[in-house]
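File shown: work-v8.txt. Contents: compact mmCIF, C-alpha atoms.
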# COMPACT_ATOMS: atom_id res chain seq x y z
CA MET A 224 -20.58 11.08 19.93
CA PRO A 225 -22.52 8.55 17.81
CA ASP A 226 -21.53 4.97 18.57
CA LEU A 227 -20.13 3.32 15.44
CA SER A 228 -18.80 0.27 17.27
CA GLY A 229 -18.90 -2.82 15.10
CA LYS A 230 -18.97 -0.83 11.87
CA VAL A 231 -16.24 -0.98 9.23
CA ALA A 232 -15.26 2.05 7.17
CA ILE A 233 -13.11 2.65 4.13
CA VAL A 234 -11.73 6.17 3.78
CA THR A 235 -9.95 6.92 0.51
CA GLY A 236 -7.23 9.55 0.37
CA ALA A 237 -6.90 9.08 4.12
CA GLY A 238 -3.15 9.52 4.40
CA ARG A 239 -3.26 13.27 4.80
CA GLY A 240 -5.50 16.29 5.25
CA ILE A 241 -9.27 15.93 5.39
CA GLY A 242 -9.22 12.18 4.71
CA ARG A 243 -6.90 11.58 7.65
CA GLU A 244 -9.22 13.56 9.92
CA HIS A 245 -12.24 11.57 8.71
CA ALA A 246 -10.45 8.29 9.42
CA LEU A 247 -9.44 9.38 12.92
CA ALA A 248 -12.90 10.74 13.73
CA LEU A 249 -14.62 7.53 12.62
CA ALA A 250 -12.11 5.52 14.63
CA ARG A 251 -12.79 7.59 17.74
CA ALA A 252 -16.49 6.77 17.25
CA GLY A 253 -15.58 3.08 17.29
CA ALA A 254 -15.41 2.08 13.62
CA LYS A 255 -12.68 -0.17 12.26
CA ILE A 256 -10.88 1.61 9.41
CA VAL A 257 -9.37 0.75 6.06
CA VAL A 258 -6.97 3.62 5.40
CA ASN A 259 -6.67 3.91 1.63
CA ASP A 260 -4.04 6.19 0.15
CA LEU A 261 -1.91 5.81 -2.95
CA GLY A 262 0.66 8.16 -1.45
CA ALA A 263 0.96 10.12 -4.67
CA SER A 264 1.99 13.72 -5.18
CA LEU A 265 -0.58 16.51 -5.32
CA ALA A 266 -0.66 16.04 -9.10
CA GLY A 267 -1.26 12.31 -8.74
CA GLU A 268 2.27 11.18 -9.58
CA GLY A 269 4.30 8.51 -7.79
CA ALA A 270 3.25 6.37 -4.84
CA SER A 271 4.24 5.78 -1.23
CA ALA A 272 2.85 3.50 1.46
CA GLY A 273 4.11 5.83 4.19
CA PRO A 274 1.11 8.19 4.67
CA ALA A 275 -1.44 5.37 5.01
CA HIS A 276 0.79 3.42 7.40
CA ASP A 277 1.27 6.53 9.55
CA VAL A 278 -2.48 6.98 9.95
CA VAL A 279 -2.96 3.30 10.75
CA ARG A 280 -0.50 3.69 13.60
CA GLU A 281 -2.41 6.72 14.88
CA ILE A 282 -5.67 4.77 14.83
CA GLU A 283 -4.14 1.75 16.53
CA ALA A 284 -2.87 4.08 19.26
CA LEU A 285 -6.54 4.82 19.95
CA GLY A 286 -7.12 1.12 20.55
CA VAL A 287 -9.02 0.67 17.26
CA GLN A 288 -8.26 -1.82 14.49
CA ALA A 289 -7.11 -0.49 11.12
CA ILE A 290 -5.33 -1.64 8.00
CA SER A 291 -3.64 0.30 5.22
CA ASN A 292 -4.51 -0.03 1.55
CA GLY A 293 -2.60 1.36 -1.42
CA GLU A 294 -5.04 0.69 -4.27
CA ASN A 295 -5.70 3.33 -6.91
CA VAL A 296 -9.40 4.22 -6.55
CA ALA A 297 -9.59 5.13 -10.25
CA ASP A 298 -8.64 1.56 -11.17
CA PHE A 299 -11.93 -0.33 -11.36
CA ALA A 300 -10.44 -3.69 -10.42
CA GLY A 301 -8.27 -2.05 -7.75
CA ALA A 302 -11.33 -0.45 -6.17
CA GLY A 303 -12.92 -3.90 -6.06
CA ARG A 304 -9.86 -5.33 -4.34
CA MET A 305 -10.01 -2.51 -1.77
CA VAL A 306 -13.62 -3.28 -0.89
CA GLN A 307 -12.86 -6.99 -0.71
CA ALA A 308 -9.88 -6.29 1.56
CA ALA A 309 -12.22 -4.67 4.08
CA ILE A 310 -14.59 -7.64 3.94
CA ASP A 311 -11.79 -10.20 4.17
CA ARG A 312 -10.14 -8.49 7.14
CA PHE A 313 -13.17 -7.36 9.13
CA GLY A 314 -16.00 -9.48 7.75
CA ARG A 315 -18.14 -6.62 6.49
CA LEU A 316 -18.27 -3.07 5.15
CA ASP A 317 -20.64 -0.38 6.41
CA ILE A 318 -19.16 2.99 5.45
CA LEU A 319 -17.39 4.26 2.35
CA VAL A 320 -15.92 7.76 2.42
CA ASN A 321 -14.77 8.76 -1.06
CA ASN A 322 -12.18 11.47 -0.53
CA ALA A 323 -9.13 10.80 -2.73
CA GLY A 324 -8.24 13.48 -5.26
CA ILE A 325 -5.57 15.37 -7.16
CA LEU A 326 -5.12 18.85 -8.61
CA ARG A 327 -3.89 20.04 -11.99
CA ASP A 328 -5.12 23.63 -12.05
CA ARG A 329 -4.85 25.67 -15.21
CA MET A 330 -6.93 28.23 -17.06
CA LEU A 331 -9.27 26.66 -19.59
CA VAL A 332 -7.47 28.00 -22.67
CA ASN A 333 -4.16 26.60 -21.40
CA MET A 334 -5.37 23.25 -20.09
CA GLU A 335 -3.98 20.15 -21.78
CA GLU A 336 -6.08 17.10 -22.54
CA HIS A 337 -4.12 14.90 -20.14
CA GLU A 338 -4.67 17.41 -17.32
CA TRP A 339 -8.42 17.24 -17.87
CA ASP A 340 -8.47 13.44 -18.14
CA ALA A 341 -6.32 12.80 -15.07
CA VAL A 342 -8.45 14.94 -12.74
CA LEU A 343 -11.76 13.56 -14.01
CA GLU A 344 -10.45 10.01 -13.66
CA VAL A 345 -9.24 10.29 -10.07
CA HIS A 346 -12.17 12.30 -8.75
CA LEU A 347 -15.19 11.13 -10.71
CA LYS A 348 -14.21 7.57 -11.62
CA GLY A 349 -12.51 7.36 -8.23
CA HIS A 350 -15.93 7.87 -6.66
CA PHE A 351 -17.82 5.58 -9.03
CA ALA A 352 -15.53 2.55 -8.84
CA PRO A 353 -15.42 2.07 -5.04
CA THR A 354 -19.14 2.89 -4.73
CA HIS A 355 -20.01 0.33 -7.40
CA HIS A 356 -18.24 -2.49 -5.59
CA ALA A 357 -19.46 -1.44 -2.14
CA ALA A 358 -23.04 -1.17 -3.42
CA ALA A 359 -22.88 -4.69 -4.85
CA HIS A 360 -21.86 -5.95 -1.39
CA TRP A 361 -24.74 -4.11 0.29
CA ARG A 362 -27.29 -5.23 -2.30
CA GLU A 363 -26.28 -8.82 -1.70
CA ARG A 364 -26.69 -8.42 2.06
CA SER A 365 -30.04 -6.66 1.62
CA LYS A 366 -31.40 -9.36 -0.69
CA ALA A 367 -30.34 -11.96 1.87
CA GLY A 368 -32.77 -10.31 4.29
CA GLU A 369 -30.33 -8.23 6.35
CA ASP A 370 -31.39 -4.82 7.67
CA VAL A 371 -28.57 -2.87 5.99
CA ARG A 372 -27.63 0.56 7.34
CA ALA A 373 -24.77 1.52 5.08
CA ARG A 374 -23.27 4.88 4.22
CA VAL A 375 -21.49 6.55 1.31
CA ILE A 376 -19.99 9.98 1.95
CA ASN A 377 -18.70 11.66 -1.21
CA THR A 378 -16.41 14.65 -1.50
CA SER A 379 -17.40 17.52 -3.75
CA SER A 380 -15.94 21.02 -3.35
CA PRO A 381 -16.92 24.69 -3.31
CA SER A 382 -15.37 24.71 -6.79
CA GLY A 383 -17.92 22.10 -7.87
CA VAL A 384 -21.01 23.71 -6.34
CA PHE A 385 -20.10 27.40 -6.77
CA GLY A 386 -17.44 27.39 -9.53
CA ASN A 387 -13.87 28.66 -9.36
CA VAL A 388 -11.65 30.28 -11.97
CA GLY A 389 -8.70 28.12 -13.04
CA GLN A 390 -10.32 24.83 -12.05
CA ALA A 391 -12.42 23.76 -15.02
CA ASN A 392 -11.28 20.13 -14.69
CA TYR A 393 -11.49 19.95 -10.90
CA GLY A 394 -14.77 21.88 -10.69
CA ALA A 395 -16.39 19.80 -13.42
CA ALA A 396 -15.38 16.59 -11.64
CA LYS A 397 -16.64 17.88 -8.30
CA ALA A 398 -19.93 19.01 -9.86
CA GLY A 399 -20.21 15.56 -11.41
CA ILE A 400 -19.80 14.05 -7.94
CA VAL A 401 -22.86 16.00 -6.79
CA GLY A 402 -24.89 14.56 -9.68
CA PHE A 403 -23.52 11.11 -8.91
CA THR A 404 -24.52 11.55 -5.26
CA LEU A 405 -28.12 12.45 -6.12
CA ILE A 406 -28.59 9.47 -8.43
CA ALA A 407 -26.78 6.96 -6.21
CA ALA A 408 -28.92 8.10 -3.27
CA GLN A 409 -32.09 7.34 -5.23
CA GLU A 410 -30.85 4.00 -6.55
CA LEU A 411 -29.35 2.62 -3.34
CA ARG A 412 -31.98 3.70 -0.83
CA ARG A 413 -33.93 0.48 -1.43
CA TYR A 414 -30.94 -1.47 -0.10
CA GLY A 415 -30.60 0.59 3.10
CA VAL A 416 -27.76 2.77 1.80
CA THR A 417 -27.63 6.54 2.22
CA VAL A 418 -25.42 8.66 -0.04
CA ASN A 419 -24.45 12.21 0.84
CA ALA A 420 -21.66 14.60 -0.13
CA LEU A 421 -19.51 17.27 1.45
CA ALA A 422 -18.20 20.49 -0.04
CA PRO A 423 -15.41 20.91 2.53
CA ASN A 424 -12.98 23.71 3.27
CA ALA A 425 -9.64 23.30 4.99
CA ARG A 426 -5.97 24.18 4.95
CA THR A 427 -4.42 21.15 3.20
CA ARG A 428 -1.89 20.35 0.48
CA MET A 429 -4.60 20.98 -2.09
CA THR A 430 -5.48 24.45 -0.78
CA GLU A 431 -2.08 25.86 0.11
CA ALA A 432 -2.44 28.64 -2.46
CA ALA A 433 -5.88 29.65 -1.17
CA PHE A 434 -5.04 29.48 2.54
CA GLY A 435 -1.38 30.48 2.33
CA GLU A 436 -2.19 34.01 3.42
CA MET A 437 -4.31 32.72 6.32
CA PRO A 438 -1.95 30.91 8.69
CA PRO A 439 -3.29 29.00 11.71
CA PRO A 440 -4.09 31.25 14.68
CA ASP A 441 -1.69 31.18 17.59
CA ASP A 442 -4.56 30.12 19.85
CA GLY A 443 -8.30 29.68 19.73
CA PHE A 444 -10.49 28.15 17.05
CA ASP A 445 -8.98 27.59 13.60
CA PRO A 446 -11.77 27.73 10.97
CA ALA A 447 -9.44 26.18 8.36
CA ASP A 448 -8.56 23.10 10.46
CA PRO A 449 -9.26 19.97 8.33
CA GLY A 450 -10.87 18.33 11.35
CA ASN A 451 -13.79 20.76 11.18
CA ASN A 452 -15.15 18.72 8.25
CA SER A 453 -15.35 15.39 10.07
CA PRO A 454 -18.20 15.83 12.61
CA ILE A 455 -20.81 15.80 9.82
CA VAL A 456 -19.27 12.57 8.49
CA VAL A 457 -19.58 10.86 11.87
CA ALA A 458 -23.11 12.21 12.34
CA LEU A 459 -24.29 10.99 8.92
CA CYS A 460 -22.82 7.54 9.60
CA ALA A 461 -24.93 7.07 12.73
CA ASP A 462 -27.91 4.71 12.49
CA GLU A 463 -30.12 7.63 13.52
CA ALA A 464 -29.29 9.36 10.19
CA GLN A 465 -30.85 6.56 8.12
CA ASP A 466 -33.40 8.91 6.55
CA ILE A 467 -30.95 11.64 5.48
CA THR A 468 -29.72 11.00 1.96
CA GLY A 469 -28.95 12.76 -1.32
CA GLN A 470 -27.77 15.96 0.40
CA VAL A 471 -24.71 18.17 -0.08
CA PHE A 472 -23.20 19.83 2.98
CA PHE A 473 -20.94 22.89 2.68
CA VAL A 474 -18.58 23.07 5.65
CA TYR A 475 -16.38 25.91 6.83
CA GLY A 476 -15.27 26.34 10.41
CA GLY A 477 -18.32 25.88 12.60
CA ALA A 478 -20.79 26.36 9.73
CA VAL A 479 -22.46 23.36 8.10
CA ASN A 480 -24.87 24.45 5.37
CA MET A 481 -27.12 21.88 3.69
CA LEU A 482 -27.09 23.35 0.19
CA ARG A 483 -30.07 23.66 -2.14
CA GLY A 484 -29.15 22.80 -5.69
CA TRP A 485 -30.97 23.26 -8.96
CA GLU A 486 -34.35 24.34 -7.63
CA ALA A 487 -36.97 26.03 -9.79
CA GLY A 488 -35.97 29.64 -10.37
CA GLU A 489 -37.04 32.50 -12.64
CA LEU A 490 -39.77 31.23 -14.96
CA PHE A 491 -40.27 32.65 -18.45
CA SER A 492 -43.57 31.23 -19.64
CA ALA A 493 -45.22 31.71 -23.04
CA GLY A 494 -48.32 29.86 -21.89
CA ASP A 495 -49.62 27.35 -24.43
CA SER A 496 -47.40 28.57 -27.27
CA ARG A 497 -43.73 28.54 -28.23
CA TRP A 498 -41.60 31.57 -27.44
CA ASP A 499 -40.64 33.89 -30.29
CA PRO A 500 -36.87 34.56 -29.89
CA ASP A 501 -37.26 38.33 -30.11
CA ALA A 502 -40.04 38.35 -27.54
CA LEU A 503 -38.08 36.06 -25.24
CA LEU A 504 -34.99 38.24 -25.52
CA GLU A 505 -37.07 41.29 -24.70
CA GLU A 506 -38.49 39.50 -21.65
CA LEU A 507 -34.99 38.42 -20.56
CA ARG A 508 -33.66 41.97 -20.84
CA GLY A 509 -36.71 43.35 -19.07
CA ARG A 510 -36.39 41.09 -16.06
CA LEU A 511 -32.59 41.06 -16.04
CA PRO A 512 -31.65 44.67 -16.73
CA ASP A 513 -28.22 44.16 -15.17
CA GLY A 514 -27.70 40.75 -16.75
CA ALA A 515 -27.03 37.52 -14.86
CA ALA A 516 -23.75 35.83 -13.96
CA PRO A 517 -22.39 33.42 -11.34
CA ALA A 518 -21.61 35.06 -8.01
CA GLY A 519 -18.21 33.38 -7.83
CA MET A 520 -16.81 31.00 -5.26
CA LEU A 521 -15.74 33.42 -2.54
CA ASP A 522 -19.02 35.34 -2.41
CA SER A 523 -20.99 32.10 -2.50
CA MET A 524 -18.88 30.57 0.26
CA HIS A 525 -19.42 33.65 2.40
CA ALA A 526 -23.17 33.42 1.92
CA ALA A 527 -23.22 29.69 2.64
CA GLY A 528 -21.29 30.19 5.86
CA GLY A 529 -23.81 32.59 7.30
CA ARG A 530 -27.25 31.36 6.29
CA SER A 531 -29.58 28.97 8.04
CA MET A 532 -32.81 27.26 7.00
CA ARG A 533 -34.26 28.46 10.32
CA GLU A 534 -33.68 32.13 9.60
Would you kindly transcribe this structure into C-alpha cells?
Amino acid sequence: MPDLSGKVAIVTGAGRGIGREHALALARAGAKIVVNDLGASLAGEGASAGPAHDVVREIEALGVQAISNGENVADFAGAGRMVQAAIDRFGRLDILVNNAGILRDRMLVNMEEHEWDAVLEVHLKGHFAPTHHAAAHWRERSKAGEDVRARVINTSSPSGVFGNVGQANYGAAKAGIVGFTLIAAQELRRYGVTVNALAPNARTRMTEAAFGEMPPPDDGFDPADPGNNSPIVVALCADEAQDITGQVFFVYGGAVNMLRGWEAGELFSAGDSRWDPDALLEELRGRLPDGAAPAGMLDSMHAAGGRSMRE
C-alpha cells in the first residue's frame, strides 16, 4: 500500500457509500482525514452530523486522526471554511476528494427547473468551490518554494461519460466534472497538483434502483462493493503518481479502465473548400448507412469493463 503518512485529505460526501470507503482507505494508508458530509437526504434535503461523526469514529479506531465537517460544498464560502478547517487542525492540506452529490432523476420533458439547478449546484459547483480554495492554498505553498505534491480526485459517473436515460441533470453535471478535471489538470500542474476523476460503480443509496436486482453475493467477491473504487484513489494520491493527471478512470469490480474521451474520429473533409450541405449529407449517409447513435450506458459500461490498452 502507498505510504500517505503525514498527508492530510478532505473527502466530501464521506459519511456513506463510496465517500466513506475513500476516507477509510486513505486513513489506512496513513493520511489524516477531514470527513465532510452534510448528512442530507438522497435528494439533498435536511442535514445531520451523524454520518460524518460515525466515519470519524471508524477512522480513529484505526489509530488515525480525523475530524468531521458539515459544510455544504456548494456554498462557496462554506467550501473555503472546510479547506481552512483542515489547515487549522492539521497544518496543511494535500488531498481533496470531491465526492458529494445528490440525485433528482426525471425524464427531460418532466424535469422541473429546480431539479436541474439543485443537481448542477451540488455536483458541479460542489467540485469547483472546494477545488478553488484548495488550489489557492497549494499555489501559495508552491510560490513560497515548496515542492508541492497535491492531489484532486473528482467524481464523475458512467452517466456523465456514457449517458443514461432519465438523468439529464445528473449526467450533464457529471460530464461537466470531466471537463472541469481536464482544465484544472492543465492549470494546476505548474503548482505540483494533479487532478483526476473517477467514473465509479457501486451499490449505494444513489444506485439502489440500478443494483436492487443484484444483491450482494453470499460469499466471494462482490463487484458492486463501494470499496472497489478506492484503490485507484489511494494509488493516485501516492507521490509516485505525480506525473498522472487529467485522466478519467471507469471502475467496476476489479476493472479499472482509463477512458479515452473526445479523440479525433470520423473525418469528413472537403479539402480546401466549404462543404455543400447536400454533398455533406450524401457523404454522411454513405459512410453511416445505419445511422449513428450513442451506445447507451449499459453497453458502454460492459465494454469498458473488459478492454485493456495492452490488448
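The neighbours of region 237-243 of chain A here are the residues that come within 7 Å of it, using only C-alpha atoms and leaving out any residue fewer than 5 positions away in the same chain; they are Val258, Asn259, Asp260, Pro274, Ala275, Val278, Asn322, Thr427, Pro449 and Gly450 of chain A.
In this model, the gap between CA of Gly253 (chain A) and CA of Ala464 (chain A) comes to 16.7 Å.
Coordinates place CA of Pro517 (chain A) at a distance of 21.7 Å from CA of Met334 (chain A).
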- Item | Atomic distance CA of Val375 (chain A) - CA of Val345 (chain A), expressed in Å with one decimal | 17.1 Å
With only C-alpha atoms as the counted atoms, please give the residues lying no more than 8 Å from Leu227 (chain A), apart from itself and same-chain residues fewer than 5 positions off, as an mmCIF file with C-alpha atoms, keeping the file's coordinate frame.
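Writing done, so here's out.cif:
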data_model
loop_
_atom_site.group_PDB
_atom_site.id
_atom_site.type_symbol
_atom_site.label_atom_id
_atom_site.label_comp_id
_atom_site.auth_asym_id
_atom_site.auth_seq_id
_atom_site.Cartn_x
_atom_site.Cartn_y
_atom_site.Cartn_z
ATOM 1 C CA LEU A 249 -14.620 7.530 12.620
ATOM 2 C CA ALA A 252 -16.490 6.770 17.250
ATOM 3 C CA GLY A 253 -15.580 3.080 17.290
ATOM 4 C CA ALA A 254 -15.410 2.080 13.620
ATOM 5 C CA CYS A 460 -22.820 7.540 9.600
ATOM 6 C CA ALA A 461 -24.930 7.070 12.730
#
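Across A:Ala308, A:Pro381, A:Glu336, A:Thr354, the tightest approach to Val296 (chain A) is made by A:Thr354 when counting all atoms listed in the file.
Proximity ranking of A:Asp441, A:Ala516, A:Ala398, A:Leu507 relative to Trp485 (chain A) places A:Ala398 first, based on only C-alpha atoms.
Residue nearest Val418 (chain A) within the list A:Ala396, A:Val388, A:Leu319, A:Ala458: A:Leu319 [criterion: smallest interatomic distance, all atoms listed in the file].
The closest residue to Gln470 (chain A), picked from A:Ala246, A:Leu405, A:Ala487, A:Leu331 and counting only C-alpha atoms, is A:Leu405.
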Shell around Val332 (chain A) at 12 Å using only C-alpha atoms, local window under 4 positions removed, as a PDB file with C-alpha atoms, in the coordinates of the input:
ATOM      1  CA  ASP A 328      -5.120  23.630 -12.050  1.00  0.00           C
ATOM      2  CA  GLU A 336      -6.080  17.100 -22.540  1.00  0.00           C
ATOM      3  CA  TRP A 339      -8.420  17.240 -17.870  1.00  0.00           C
ATOM      4  CA  VAL A 388     -11.650  30.280 -11.970  1.00  0.00           C
ATOM      5  CA  GLY A 389      -8.700  28.120 -13.040  1.00  0.00           C
ATOM      6  CA  GLN A 390     -10.320  24.830 -12.050  1.00  0.00           C
ATOM      7  CA  ALA A 391     -12.420  23.760 -15.020  1.00  0.00           C
ATOM      8  CA  ASN A 392     -11.280  20.130 -14.690  1.00  0.00           C
TER       9      ASN A 392
END
- Which is closer to Glu294 (chain A) than all the others in A:Ala422, A:Ala518, A:Val257, A:Ala478, using all atoms listed in the file? A:Val257
- Near-Ala232 (chain A) list (6 Å; all atoms listed in the file; drop same-chain fewer than 4 positions) as an NGL selection string: :A and (256 or 317-319)
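Around Phe403 (chain A), within 10 Å and counting only C-alpha atoms, the residues found are A:Leu347, A:His350, A:Phe351, A:Asn377, A:Lys397, A:Ala398, A:Gly399, A:Ile400, A:Val401, A:Leu405, A:Ile406, A:Ala407, A:Ala408, A:Val418, A:Asn419, A:Ala420, A:Gly469, once anything fewer than 2 positions away on its own chain is removed.
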Would you output that residue set with C-alpha atoms, as an mmCIF file, in the coordinates of the input?
data_model
loop_
_atom_site.group_PDB
_atom_site.id
_atom_site.type_symbol
_atom_site.label_atom_id
_atom_site.label_comp_id
_atom_site.auth_asym_id
_atom_site.auth_seq_id
_atom_site.Cartn_x
_atom_site.Cartn_y
_atom_site.Cartn_z
ATOM 1 C CA LEU A 347 -15.190 11.130 -10.710
ATOM 2 C CA HIS A 350 -15.930 7.870 -6.660
ATOM 3 C CA PHE A 351 -17.820 5.580 -9.030
ATOM 4 C CA ASN A 377 -18.700 11.660 -1.210
ATOM 5 C CA LYS A 397 -16.640 17.880 -8.300
ATOM 6 C CA ALA A 398 -19.930 19.010 -9.860
ATOM 7 C CA GLY A 399 -20.210 15.560 -11.410
ATOM 8 C CA ILE A 400 -19.800 14.050 -7.940
ATOM 9 C CA VAL A 401 -22.860 16.000 -6.790
ATOM 10 C CA LEU A 405 -28.120 12.450 -6.120
ATOM 11 C CA ILE A 406 -28.590 9.470 -8.430
ATOM 12 C CA ALA A 407 -26.780 6.960 -6.210
ATOM 13 C CA ALA A 408 -28.920 8.100 -3.270
ATOM 14 C CA VAL A 418 -25.420 8.660 -0.040
ATOM 15 C CA ASN A 419 -24.450 12.210 0.840
ATOM 16 C CA ALA A 420 -21.660 14.600 -0.130
ATOM 17 C CA GLY A 469 -28.950 12.760 -1.320
#
- Item | Nearest to Arg304 (chain A) by atom-to-atom distance, counting all atoms listed in the file, from A:His346, A:Pro353, A:Leu316, A:Leu326 | A:Pro353
